[in-house]
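Just upload-v6.txt here, compact mmCIF, C-alpha atoms:
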# COMPACT_ATOMS: atom_id res chain seq x y z
CA MET A 8 -26.13 -74.06 -83.42
CA SER A 9 -27.91 -74.97 -86.67
CA GLU A 10 -31.16 -73.45 -87.91
CA ARG A 11 -32.87 -76.81 -87.50
CA THR A 12 -31.75 -76.99 -83.88
CA LEU A 13 -32.94 -73.45 -83.22
CA LEU A 14 -36.35 -74.23 -84.63
CA THR A 15 -36.78 -77.47 -82.72
CA ASP A 16 -35.89 -76.35 -79.21
CA LYS A 17 -38.61 -76.35 -76.60
CA PRO A 18 -41.37 -74.02 -77.85
CA GLY A 19 -41.24 -70.66 -76.15
CA SER A 20 -37.61 -70.97 -75.08
CA ARG A 21 -35.42 -67.97 -75.75
CA SER A 22 -33.48 -69.75 -78.50
CA SER A 23 -36.50 -70.98 -80.39
CA ARG A 24 -38.44 -67.72 -80.45
CA LEU A 25 -38.18 -65.54 -83.51
CA VAL A 26 -38.12 -62.16 -81.81
CA ALA A 27 -38.61 -60.14 -85.01
CA LEU A 28 -41.83 -62.03 -85.83
CA ASP A 29 -43.09 -61.69 -82.27
CA ALA A 30 -42.31 -57.95 -82.26
CA LEU A 31 -44.13 -57.36 -85.55
CA ARG A 32 -47.10 -59.34 -84.30
CA GLY A 33 -47.03 -57.32 -81.08
CA LEU A 34 -47.00 -54.01 -82.97
CA ILE A 35 -49.93 -55.24 -85.05
CA ILE A 36 -51.83 -56.06 -81.85
CA VAL A 37 -51.13 -52.59 -80.46
CA PHE A 38 -52.56 -50.96 -83.60
CA MET A 39 -55.45 -53.45 -83.66
CA ALA A 40 -56.30 -52.35 -80.14
CA LEU A 41 -56.29 -48.74 -81.36
CA ASP A 42 -58.76 -49.64 -84.10
CA HIS A 43 -61.12 -51.33 -81.68
CA ALA A 44 -60.77 -48.59 -79.06
CA ASN A 45 -61.85 -46.22 -81.82
CA TYR A 46 -64.87 -48.44 -82.44
CA PHE A 47 -66.00 -49.02 -78.84
CA ILE A 48 -64.83 -45.81 -77.12
CA ALA A 49 -64.85 -43.00 -79.68
CA GLN A 50 -67.55 -44.70 -81.80
CA ARG A 51 -65.93 -43.05 -84.82
CA HIS A 52 -64.90 -46.16 -86.72
CA SER A 53 -64.71 -45.60 -90.48
CA SER A 54 -66.92 -47.35 -92.99
CA GLY A 55 -67.07 -47.64 -96.75
CA GLU A 56 -63.86 -49.59 -97.38
CA TYR A 57 -65.81 -52.11 -99.44
CA TRP A 58 -65.92 -53.14 -103.10
CA GLY A 59 -69.17 -51.17 -103.47
CA GLY A 60 -71.36 -48.64 -101.72
CA PRO A 61 -70.32 -45.23 -100.29
CA PHE A 62 -66.65 -44.37 -100.07
CA PRO A 63 -65.01 -43.69 -96.68
CA VAL A 64 -65.39 -40.15 -95.36
CA TYR A 65 -62.83 -38.63 -92.99
CA THR A 66 -63.57 -35.28 -91.36
CA ASP A 67 -59.98 -34.50 -90.35
CA LEU A 68 -56.40 -35.69 -90.73
CA PRO A 69 -56.08 -37.37 -87.28
CA SER A 70 -59.13 -39.53 -88.03
CA PHE A 71 -57.64 -40.63 -91.33
CA LEU A 72 -54.21 -41.40 -89.87
CA THR A 73 -55.80 -43.30 -86.97
CA ARG A 74 -57.46 -45.56 -89.50
CA LEU A 75 -54.50 -45.76 -91.87
CA VAL A 76 -52.09 -47.26 -89.34
CA THR A 77 -54.60 -49.97 -88.49
CA HIS A 78 -54.86 -51.13 -92.12
CA PHE A 79 -51.66 -53.13 -91.63
CA CYS A 80 -53.15 -55.31 -88.90
CA ALA A 81 -55.29 -57.89 -90.70
CA PRO A 82 -52.78 -58.56 -93.52
CA GLY A 83 -50.03 -58.87 -90.91
CA PHE A 84 -52.01 -61.42 -88.91
CA PHE A 85 -52.59 -63.61 -91.96
CA LEU A 86 -48.99 -63.28 -93.15
CA LEU A 87 -47.51 -64.14 -89.76
CA MET A 88 -49.96 -66.98 -89.24
CA GLY A 89 -48.79 -68.55 -92.49
CA ALA A 90 -45.15 -68.13 -91.46
CA GLY A 91 -45.94 -69.62 -88.08
CA MET A 92 -47.60 -72.62 -89.71
CA SER A 93 -44.43 -73.42 -91.67
CA LEU A 94 -42.22 -72.92 -88.62
CA PHE A 95 -44.50 -75.08 -86.48
CA ALA A 96 -44.60 -77.80 -89.14
CA ALA A 97 -40.78 -77.82 -89.43
CA SER A 98 -40.40 -78.04 -85.66
CA ARG A 99 -42.93 -80.83 -85.21
CA ARG A 100 -41.73 -82.80 -88.24
CA ALA A 101 -38.24 -82.74 -86.70
CA ARG A 102 -39.78 -84.22 -83.53
CA GLY A 103 -41.24 -87.08 -85.56
CA TRP A 104 -44.77 -85.84 -86.18
CA SER A 105 -46.40 -87.10 -89.36
CA TRP A 106 -47.98 -84.71 -91.85
CA GLY A 107 -51.32 -86.07 -90.67
CA ALA A 108 -50.56 -85.08 -87.08
CA VAL A 109 -49.47 -81.60 -88.18
CA ARG A 110 -52.60 -81.17 -90.26
CA ARG A 111 -54.79 -82.42 -87.41
CA HIS A 112 -53.31 -79.77 -85.11
CA PHE A 113 -54.22 -77.01 -87.56
CA LEU A 114 -57.68 -78.44 -88.22
CA ILE A 115 -58.42 -78.36 -84.49
CA ARG A 116 -56.90 -74.92 -84.00
CA GLY A 117 -58.74 -73.54 -87.04
CA GLY A 118 -62.00 -74.92 -85.67
CA ILE A 119 -61.31 -73.27 -82.30
CA LEU A 120 -60.79 -69.90 -84.00
CA ILE A 121 -64.09 -70.23 -85.87
CA GLY A 122 -65.88 -71.26 -82.70
CA LEU A 123 -64.44 -68.33 -80.75
CA GLN A 124 -65.69 -65.91 -83.39
CA LEU A 125 -69.23 -67.27 -83.36
CA LEU A 126 -69.61 -68.00 -79.65
CA VAL A 127 -67.43 -65.40 -77.89
CA VAL A 128 -66.11 -62.57 -80.04
CA ASN A 129 -69.42 -61.79 -81.73
CA LEU A 130 -70.88 -61.16 -78.25
CA ALA A 131 -68.50 -58.24 -77.79
CA TRP A 132 -69.37 -56.78 -81.19
CA GLY A 133 -73.08 -57.26 -80.53
CA TRP A 134 -72.94 -55.54 -77.13
CA GLY A 135 -71.37 -52.43 -78.62
CA SER A 136 -73.24 -49.21 -79.34
CA ILE A 137 -73.06 -49.57 -83.14
CA PRO A 138 -75.76 -51.75 -84.80
CA PHE A 139 -74.47 -55.26 -85.47
CA PRO A 140 -75.75 -58.19 -87.60
CA SER A 141 -77.18 -61.36 -86.11
CA ILE A 142 -74.40 -63.49 -87.68
CA TYR A 143 -70.99 -61.99 -88.42
CA ILE A 144 -68.20 -63.56 -90.46
CA GLY A 145 -65.18 -61.84 -88.92
CA VAL A 146 -61.43 -62.12 -88.89
CA LEU A 147 -61.22 -65.21 -86.65
CA ILE A 148 -63.45 -67.15 -89.02
CA ALA A 149 -61.17 -66.19 -91.90
CA LEU A 150 -58.04 -67.01 -89.90
CA GLY A 151 -59.48 -70.36 -88.92
CA GLY A 152 -60.71 -71.11 -92.43
CA THR A 153 -57.41 -70.18 -94.08
CA MET A 154 -55.52 -72.19 -91.45
CA ILE A 155 -57.61 -75.25 -92.29
CA LEU A 156 -57.19 -74.82 -96.04
CA GLY A 157 -53.52 -73.89 -95.75
CA SER A 158 -52.75 -77.03 -93.74
CA PHE A 159 -53.34 -79.08 -96.89
CA PHE A 160 -50.72 -77.03 -98.77
CA LEU A 161 -47.92 -77.52 -96.23
CA PRO A 162 -46.43 -80.66 -97.85
CA LEU A 163 -46.27 -78.96 -101.27
CA GLY A 164 -43.01 -77.69 -102.75
CA ASP A 165 -42.11 -74.01 -102.90
CA LEU A 166 -42.98 -73.63 -106.59
CA PRO A 167 -46.53 -75.04 -106.35
CA LEU A 168 -47.13 -72.95 -103.23
CA ALA A 169 -45.92 -69.82 -105.01
CA GLY A 170 -48.22 -70.64 -107.93
CA ILE A 171 -51.20 -70.98 -105.60
CA THR A 172 -50.32 -67.63 -104.00
CA LEU A 173 -50.12 -65.87 -107.36
CA ALA A 174 -53.36 -67.47 -108.58
CA LEU A 175 -55.19 -66.33 -105.44
CA PHE A 176 -53.64 -62.85 -105.60
CA ILE A 177 -54.90 -62.23 -109.13
CA GLY A 178 -57.83 -64.62 -109.40
CA THR A 179 -59.86 -63.58 -106.35
CA GLU A 180 -59.85 -60.00 -107.62
CA LEU A 181 -60.75 -60.90 -111.20
CA LEU A 182 -63.63 -63.08 -110.02
CA HIS A 183 -65.03 -60.43 -107.70
CA PRO A 184 -68.31 -58.73 -108.65
CA SER A 185 -68.28 -55.30 -110.23
CA PRO A 186 -68.85 -52.40 -107.78
CA ALA A 187 -72.08 -51.74 -109.68
CA GLN A 188 -73.41 -55.03 -108.25
CA TRP A 189 -73.25 -53.74 -104.67
CA GLY A 190 -76.64 -54.22 -103.03
CA ILE A 191 -77.99 -56.20 -105.99
CA ILE A 192 -76.43 -59.64 -105.52
CA ARG A 193 -78.51 -61.79 -103.21
CA VAL A 194 -77.21 -62.75 -99.77
CA ASP A 195 -75.73 -66.25 -99.97
CA LEU A 196 -73.89 -67.87 -97.05
CA ILE A 197 -71.36 -69.79 -99.16
CA ASP A 198 -70.59 -66.75 -101.30
CA LEU A 199 -70.15 -64.49 -98.26
CA LEU A 200 -68.07 -67.10 -96.47
CA LEU A 201 -65.70 -67.78 -99.36
CA VAL A 202 -65.67 -64.95 -101.90
CA ARG A 203 -67.22 -61.54 -101.21
CA PRO A 204 -67.90 -59.24 -98.25
CA GLY A 205 -71.33 -57.76 -97.70
CA GLY A 206 -74.72 -59.00 -96.57
CA ASN A 207 -77.62 -57.60 -94.56
CA ALA A 208 -78.73 -57.08 -90.96
CA ASP A 209 -79.06 -60.83 -90.45
CA LEU A 210 -75.79 -61.98 -92.03
CA TRP A 211 -72.73 -59.87 -92.72
CA SER A 212 -69.25 -60.85 -93.90
CA ASN A 213 -66.13 -58.70 -93.76
CA TYR A 214 -63.65 -61.54 -94.16
CA PRO A 215 -64.47 -64.17 -96.81
CA VAL A 216 -61.84 -66.86 -96.67
CA LEU A 217 -60.41 -67.12 -100.20
CA PRO A 218 -59.29 -63.48 -100.73
CA TRP A 219 -57.20 -63.67 -97.53
CA LEU A 220 -55.70 -67.09 -98.24
CA GLU A 221 -53.04 -65.55 -100.52
CA LEU A 222 -51.41 -63.89 -97.51
CA VAL A 223 -51.33 -67.17 -95.60
CA THR A 224 -49.70 -69.08 -98.46
CA PHE A 225 -47.17 -66.29 -98.98
CA GLY A 226 -46.51 -66.36 -95.24
CA MET A 227 -45.93 -70.12 -95.49
CA LEU A 228 -43.26 -69.42 -98.12
CA LEU A 229 -41.73 -66.80 -95.84
CA GLY A 230 -41.65 -69.32 -92.99
CA ARG A 231 -39.85 -71.83 -95.20
CA TRP A 232 -37.24 -69.25 -96.18
CA ILE A 233 -36.69 -68.53 -92.49
CA CYS A 234 -36.24 -72.25 -91.79
CA LYS A 235 -33.59 -72.49 -94.50
CA ALA A 236 -31.70 -69.27 -93.73
CA ARG A 237 -33.03 -67.30 -90.79
CA GLN A 238 -30.74 -64.27 -90.70
CA LYS A 239 -30.38 -63.97 -94.46
CA THR A 240 -34.16 -63.97 -94.91
CA LEU A 241 -34.99 -61.58 -92.09
CA SER A 242 -32.23 -59.14 -93.01
CA ARG A 243 -33.17 -59.02 -96.72
CA VAL A 244 -36.95 -59.37 -96.76
CA TRP A 245 -37.21 -55.56 -96.79
CA MET A 246 -36.21 -55.72 -100.46
CA ILE A 247 -39.34 -57.72 -101.25
CA GLY A 248 -41.28 -55.15 -99.25
CA LEU A 249 -39.89 -52.31 -101.35
CA GLY A 250 -40.78 -54.23 -104.50
CA PHE A 251 -44.36 -54.59 -103.26
CA LEU A 252 -44.56 -50.86 -102.53
CA ALA A 253 -43.23 -50.02 -105.99
CA LEU A 254 -45.88 -52.23 -107.60
CA PHE A 255 -48.51 -50.63 -105.36
CA LEU A 256 -47.51 -47.18 -106.64
CA VAL A 257 -47.79 -48.33 -110.26
CA LEU A 258 -51.19 -50.04 -109.89
CA ARG A 259 -52.61 -47.28 -107.71
CA SER A 260 -51.50 -44.60 -110.17
CA LEU A 261 -53.04 -46.46 -113.11
CA ASP A 262 -56.28 -46.80 -111.08
CA GLY A 263 -57.43 -49.86 -113.00
CA LEU A 264 -56.61 -53.53 -112.45
CA GLY A 265 -55.69 -54.20 -108.86
CA ASN A 266 -57.90 -51.51 -107.32
CA ILE A 267 -61.35 -53.19 -107.58
CA ARG A 268 -62.92 -49.73 -107.96
CA PRO A 269 -61.58 -46.33 -109.12
CA ARG A 270 -60.43 -43.80 -106.54
CA PRO A 271 -63.11 -41.25 -105.52
CA GLY A 272 -60.63 -38.38 -105.84
CA ASN A 273 -57.01 -37.53 -106.51
CA ASP A 274 -55.65 -36.34 -103.17
CA TRP A 275 -53.14 -38.34 -101.13
CA MET A 276 -55.80 -39.67 -98.74
CA ASP A 277 -57.67 -41.22 -101.67
CA PHE A 278 -54.39 -42.66 -102.94
CA LEU A 279 -53.57 -44.34 -99.61
CA ASN A 280 -57.06 -45.71 -99.05
CA PRO A 281 -57.47 -48.80 -101.26
CA VAL A 282 -60.32 -51.30 -100.97
CA LYS A 283 -59.92 -53.53 -97.91
CA TYR A 284 -63.09 -55.65 -98.16
CA PRO A 285 -62.05 -57.80 -99.98
CA PRO A 286 -58.31 -57.04 -99.94
CA SER A 287 -57.59 -55.50 -103.33
CA MET A 288 -54.22 -56.14 -104.93
CA THR A 289 -53.15 -52.59 -104.07
CA TYR A 290 -54.24 -53.00 -100.44
CA THR A 291 -52.29 -56.24 -100.14
CA LEU A 292 -49.18 -54.77 -101.75
CA LEU A 293 -49.21 -51.63 -99.60
CA THR A 294 -49.78 -53.34 -96.28
CA THR A 295 -47.59 -56.39 -96.86
CA GLY A 296 -44.79 -54.24 -98.24
CA VAL A 297 -44.74 -52.14 -95.07
CA ASN A 298 -45.02 -55.22 -92.84
CA LEU A 299 -42.02 -56.87 -94.51
CA ILE A 300 -39.93 -53.72 -94.10
CA LEU A 301 -40.92 -53.55 -90.43
CA LEU A 302 -39.98 -57.22 -90.03
CA SER A 303 -36.46 -56.52 -91.27
CA GLY A 304 -36.29 -53.44 -89.08
CA PHE A 305 -37.24 -55.42 -85.98
CA ASN A 306 -34.66 -58.06 -86.88
CA TRP A 307 -31.98 -55.34 -87.00
CA LEU A 308 -33.15 -53.86 -83.71
CA ARG A 309 -33.11 -57.31 -82.10
CA ARG A 310 -29.44 -57.61 -82.94
CA VAL A 311 -28.49 -54.24 -81.42
CA ARG A 312 -31.06 -53.58 -78.66
CA GLU A 313 -33.42 -56.53 -78.12
CA ASP A 314 -34.56 -55.11 -74.77
CA ARG A 315 -36.39 -52.32 -76.60
CA LEU A 316 -38.71 -54.91 -78.13
CA SER A 317 -39.73 -56.58 -74.89
CA ILE A 318 -43.21 -55.05 -74.59
CA LEU A 319 -44.09 -55.83 -78.19
CA THR A 320 -42.81 -59.40 -77.97
CA VAL A 321 -44.95 -60.09 -74.90
CA PHE A 322 -48.08 -59.06 -76.80
CA GLY A 323 -46.89 -60.92 -79.89
CA ARG A 324 -46.41 -64.25 -78.14
CA VAL A 325 -50.04 -64.58 -77.01
CA PRO A 326 -52.04 -62.85 -79.77
CA LEU A 327 -55.28 -64.82 -79.39
CA PHE A 328 -55.37 -64.25 -75.63
CA VAL A 329 -54.88 -60.50 -76.11
CA TYR A 330 -57.37 -60.35 -78.99
CA VAL A 331 -60.27 -61.81 -77.01
CA LEU A 332 -59.40 -59.95 -73.80
CA HIS A 333 -58.99 -56.51 -75.37
CA LEU A 334 -62.37 -56.59 -77.12
CA PHE A 335 -64.27 -56.99 -73.86
CA LEU A 336 -62.01 -54.53 -72.04
CA TYR A 337 -62.57 -51.72 -74.57
CA LEU A 338 -66.26 -52.63 -74.77
CA GLY A 339 -66.50 -52.16 -71.00
CA LEU A 340 -64.52 -48.92 -70.99
CA GLY A 341 -66.72 -47.54 -73.74
CA ARG A 342 -70.01 -48.48 -72.07
CA VAL A 343 -68.98 -47.13 -68.66
CA LEU A 344 -66.89 -44.07 -69.51
CA THR A 345 -67.98 -42.95 -73.00
CA PRO A 346 -71.48 -44.30 -73.69
CA HIS A 347 -72.06 -41.58 -76.29
CA GLY A 348 -68.63 -41.68 -77.89
CA SER A 349 -65.60 -39.47 -77.29
CA SER A 350 -62.97 -37.30 -78.88
CA LEU A 351 -59.86 -38.88 -80.35
CA VAL A 352 -57.81 -37.47 -77.46
CA VAL A 353 -59.92 -39.29 -74.87
CA MET A 354 -59.94 -42.43 -76.99
CA TYR A 355 -56.15 -42.44 -77.27
CA ALA A 356 -55.78 -42.07 -73.52
CA LEU A 357 -58.13 -44.99 -72.85
CA TRP A 358 -56.42 -47.04 -75.56
CA LEU A 359 -53.10 -46.69 -73.74
CA LEU A 360 -54.78 -47.41 -70.41
CA GLY A 361 -56.23 -50.61 -71.84
CA LEU A 362 -52.84 -51.76 -73.11
CA ALA A 363 -51.31 -51.06 -69.70
CA MET A 364 -54.01 -53.19 -68.05
CA ILE A 365 -53.59 -56.08 -70.50
CA TYR A 366 -49.78 -56.20 -70.50
CA PRO A 367 -49.16 -57.90 -67.09
CA LEU A 368 -51.84 -60.50 -67.83
CA ALA A 369 -50.33 -61.20 -71.26
CA ARG A 370 -46.89 -61.53 -69.69
CA LEU A 371 -48.12 -64.06 -67.13
CA TYR A 372 -49.96 -66.07 -69.75
CA ALA A 373 -46.97 -66.04 -72.13
CA ARG A 374 -44.70 -67.28 -69.33
CA TRP A 375 -47.11 -70.10 -68.45
CA LYS A 376 -47.61 -71.09 -72.09
CA ALA A 377 -43.85 -71.26 -72.70
CA GLN A 378 -43.55 -73.87 -69.94
CA GLN A 379 -46.05 -76.26 -71.54
CA PRO A 380 -44.83 -79.33 -73.49
CA ALA A 381 -44.91 -79.43 -77.29
CA ASP A 382 -48.12 -81.47 -77.46
CA SER A 383 -50.00 -79.47 -74.81
CA PRO A 384 -53.50 -78.18 -75.67
CA ALA A 385 -52.17 -74.76 -74.55
CA HIS A 386 -50.60 -74.37 -78.00
CA PHE A 387 -54.06 -74.29 -79.57
CA PHE A 388 -54.59 -70.85 -77.99

Encoding of this model in structure tokens:
Amino acid sequence: MSERTLLTDKPGSRSSRLVALDALRGLIIVFMALDHANYFIAQRHSSGEYWGGPFPVYTDLPSFLTRLVTHFCAPGFFLLMGAGMSLFAASRRARGWSWGAVRRHFLIRGGILIGLQLLVVNLAWGWGSIPFPSIYIGVLIALGGTMILGSFFLPLGDLPLAGITLALFIGTELLHPSPAQWGIIRVDLIDLLLVRPGGNADLWSNYPVLPWLELVTFGMLLGRWICKARQKTLSRVWMIGLGFLALFLVLRSLDGLGNIRPRPGNDWMDFLNPVKYPPSMTYTLLTTGVNLILLSGFNWLRRVREDRLSILTVFGRVPLFVYVLHLFLYLGLGRVLTPHGSSLVVMYALWLLGLAMIYPLARLYARWKAQQPADSPAHFF
């Protein structure tokens, strides 16, 4: 069966699913849930990963490692969303959809993501025990915004798309304010929405759209490579990942361009804790390098023992459903069981409990979604 046939089967069928991508997305969701359990249950979520202000402070190794493994989540979501956009476009174009119809799908879906952030997700954050701004520009707004912008790049050739990715990778960092400007630059909605994180108690942005767009456009390239040669791409993409990690080591060691701000110290925790808000070049290289290596690893495991990936692939096939559900679940567990916070041991136990509660619901929803036709509104969620 040809690659084109595989990618144009009924969505959700066994032959059309890319198990390695689903498994990586599922692992990212598992670690994302850990991050948010840490926020709502332990109330020990780290701060200071910004382009200015105080640096992060970790009181012990477990706290640092708990945060470190969750750094790969946001970049992975943007990368896989970009890949999914290319795969979706290839599938629907083969069915006869016009570029306008493909773009319209992503415009609607991007708008839904933005609406969910503002109308639903921000309620969970606001009901938590940690003070929260009146308006929050979070990850769903950035995912929706980059999906909308990225939809206009889909018809472009590989070379222009690679050029846009490189320009965003370097340019958004060069244009970012100096760390000395932290707390001085006035709060501006357009600036916080597009360029820089920060704000005040009324308006706060963690995810301005443009600095994260580079991961979506690179993901779109990855999706195209998968369309052209699925197994070759998935089995060799680890080499790109190693290249990213090597460049991370160089830029992080030099501690200049690519870091946004100098390291606060010289121990290994400082070395592995680059600026996330906005994603510095070193942060992007570290996290994307690891994600690409994991993607190849999951592709290898799929070929020898696919059954071992079943739990991850269930979570990975319905990421938006799990994202919204898990926030309110961990919010509720935190308010009822640990209103004053908890130890990491208790938090980890409740994190696993939450995943166990979500899994059967995710499995049912994934099964129902897979049965819907290609043009069903179910594929917006």

### Task
Have a look at A:Leu293, A:Ile171, A:Val352, A:Leu147 and name the one nearest to A:Leu254; count all atoms listed in the file.
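Among the listed residues, A:Leu293 lies closest to A:Leu254.
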
### Message
For A:Leu86, find every residue with an atom within 8 Å (counting all atoms listed in the file), except residues of its own chain fewer than 3 positions away, and show them as a VMD selection string.
### Response
chain A and resid 82 to 83 89 to 90 222 to 227 295

### Query
What does the distance from atom CA of A:Gly33 to atom CA of A:Phe322 come to in Å, to one decimal?
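So the two atoms, atom CA of A:Gly33 and atom CA of A:Phe322, lie 4.7 Å apart.
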
### Message
Quick one: residues within 6 Å of A:Leu217, only C-alpha atoms, excluding same-chain residues fewer than 3 positions away - as a PyMOL selection string?
### Response
chain A and resi 201-202+220

Enumerate, as a PDB file with C-alpha atoms, keeping the file's coordinate frame, the protein, DNA and RNA residues whose atoms approach (-40.4, -67.2, -96.3) to within 12 Å, taking into account only C-alpha atoms and the coordinate frame of the file.
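Saved to selection.pdb:
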ATOM      1  CA  LEU A  28     -41.830 -62.030 -85.830  1.00  0.00           C
ATOM      2  CA  LEU A  86     -48.990 -63.280 -93.150  1.00  0.00           C
ATOM      3  CA  LEU A  87     -47.510 -64.140 -89.760  1.00  0.00           C
ATOM      4  CA  MET A  88     -49.960 -66.980 -89.240  1.00  0.00           C
ATOM      5  CA  GLY A  89     -48.790 -68.550 -92.490  1.00  0.00           C
ATOM      6  CA  ALA A  90     -45.150 -68.130 -91.460  1.00  0.00           C
ATOM      7  CA  GLY A  91     -45.940 -69.620 -88.080  1.00  0.00           C
ATOM      8  CA  MET A  92     -47.600 -72.620 -89.710  1.00  0.00           C
ATOM      9  CA  SER A  93     -44.430 -73.420 -91.670  1.00  0.00           C
ATOM     10  CA  LEU A  94     -42.220 -72.920 -88.620  1.00  0.00           C
ATOM     11  CA  ASP A 165     -42.110 -74.010-102.900  1.00  0.00           C
ATOM     12  CA  LEU A 168     -47.130 -72.950-103.230  1.00  0.00           C
ATOM     13  CA  ALA A 169     -45.920 -69.820-105.010  1.00  0.00           C
ATOM     14  CA  LEU A 222     -51.410 -63.890 -97.510  1.00  0.00           C
ATOM     15  CA  VAL A 223     -51.330 -67.170 -95.600  1.00  0.00           C
ATOM     16  CA  THR A 224     -49.700 -69.080 -98.460  1.00  0.00           C
ATOM     17  CA  PHE A 225     -47.170 -66.290 -98.980  1.00  0.00           C
ATOM     18  CA  GLY A 226     -46.510 -66.360 -95.240  1.00  0.00           C
ATOM     19  CA  MET A 227     -45.930 -70.120 -95.490  1.00  0.00           C
ATOM     20  CA  LEU A 228     -43.260 -69.420 -98.120  1.00  0.00           C
ATOM     21  CA  LEU A 229     -41.730 -66.800 -95.840  1.00  0.00           C
ATOM     22  CA  GLY A 230     -41.650 -69.320 -92.990  1.00  0.00           C
ATOM     23  CA  ARG A 231     -39.850 -71.830 -95.200  1.00  0.00           C
ATOM     24  CA  TRP A 232     -37.240 -69.250 -96.180  1.00  0.00           C
ATOM     25  CA  ILE A 233     -36.690 -68.530 -92.490  1.00  0.00           C
ATOM     26  CA  CYS A 234     -36.240 -72.250 -91.790  1.00  0.00           C
ATOM     27  CA  LYS A 235     -33.590 -72.490 -94.500  1.00  0.00           C
ATOM     28  CA  ALA A 236     -31.700 -69.270 -93.730  1.00  0.00           C
ATOM     29  CA  ARG A 237     -33.030 -67.300 -90.790  1.00  0.00           C
ATOM     30  CA  GLN A 238     -30.740 -64.270 -90.700  1.00  0.00           C
ATOM     31  CA  LYS A 239     -30.380 -63.970 -94.460  1.00  0.00           C
ATOM     32  CA  THR A 240     -34.160 -63.970 -94.910  1.00  0.00           C
ATOM     33  CA  LEU A 241     -34.990 -61.580 -92.090  1.00  0.00           C
ATOM     34  CA  SER A 242     -32.230 -59.140 -93.010  1.00  0.00           C
ATOM     35  CA  ARG A 243     -33.170 -59.020 -96.720  1.00  0.00           C
ATOM     36  CA  VAL A 244     -36.950 -59.370 -96.760  1.00  0.00           C
ATOM     37  CA  ILE A 247     -39.340 -57.720-101.250  1.00  0.00           C
ATOM     38  CA  LEU A 299     -42.020 -56.870 -94.510  1.00  0.00           C
ATOM     39  CA  LEU A 302     -39.980 -57.220 -90.030  1.00  0.00           C
TER      40      LEU A 302
END

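Here atom CA of A:Pro218 and atom CA of A:Gly296 stand 17.4 Å from one another.
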
### Query
Between A:Trp189, A:Trp219, A:Phe328, A:Trp211, which is the closest to A:Ala373 once you count only C-alpha atoms?
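When distances to A:Ala373 are compared using only C-alpha atoms, the smallest one comes from A:Phe328.
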
Pull C-alpha atoms for stretch 187-204 of chain A from the block and write them as a PDB file, in the first residue's frame.
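Everything below was put into out34.pdb:
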ATOM      1  CA  ALA A 187      17.026  44.704  31.800  1.00  0.00           C
ATOM      2  CA  GLN A 188      13.678  45.879  30.378  1.00  0.00           C
ATOM      3  CA  TRP A 189      11.701  43.456  32.557  1.00  0.00           C
ATOM      4  CA  GLY A 190       9.050  45.390  34.461  1.00  0.00           C
ATOM      5  CA  ILE A 191       9.768  48.609  32.555  1.00  0.00           C
ATOM      6  CA  ILE A 192       8.038  48.042  29.210  1.00  0.00           C
ATOM      7  CA  ARG A 193       4.393  49.025  29.373  1.00  0.00           C
ATOM      8  CA  VAL A 194       1.666  46.393  29.146  1.00  0.00           C
ATOM      9  CA  ASP A 195       0.389  46.278  25.571  1.00  0.00           C
ATOM     10  CA  LEU A 196      -2.124  43.670  24.368  1.00  0.00           C
ATOM     11  CA  ILE A 197      -0.727  43.328  20.840  1.00  0.00           C
ATOM     12  CA  ASP A 198       2.844  43.050  22.107  1.00  0.00           C
ATOM     13  CA  LEU A 199       1.908  40.434  24.719  1.00  0.00           C
ATOM     14  CA  LEU A 200      -0.203  38.518  22.229  1.00  0.00           C
ATOM     15  CA  LEU A 201       2.427  38.384  19.491  1.00  0.00           C
ATOM     16  CA  VAL A 202       5.937  38.973  20.829  1.00  0.00           C
ATOM     17  CA  ARG A 203       6.773  38.905  24.547  1.00  0.00           C
ATOM     18  CA  PRO A 204       5.550  37.213  27.729  1.00  0.00           C
TER      19      PRO A 204
END
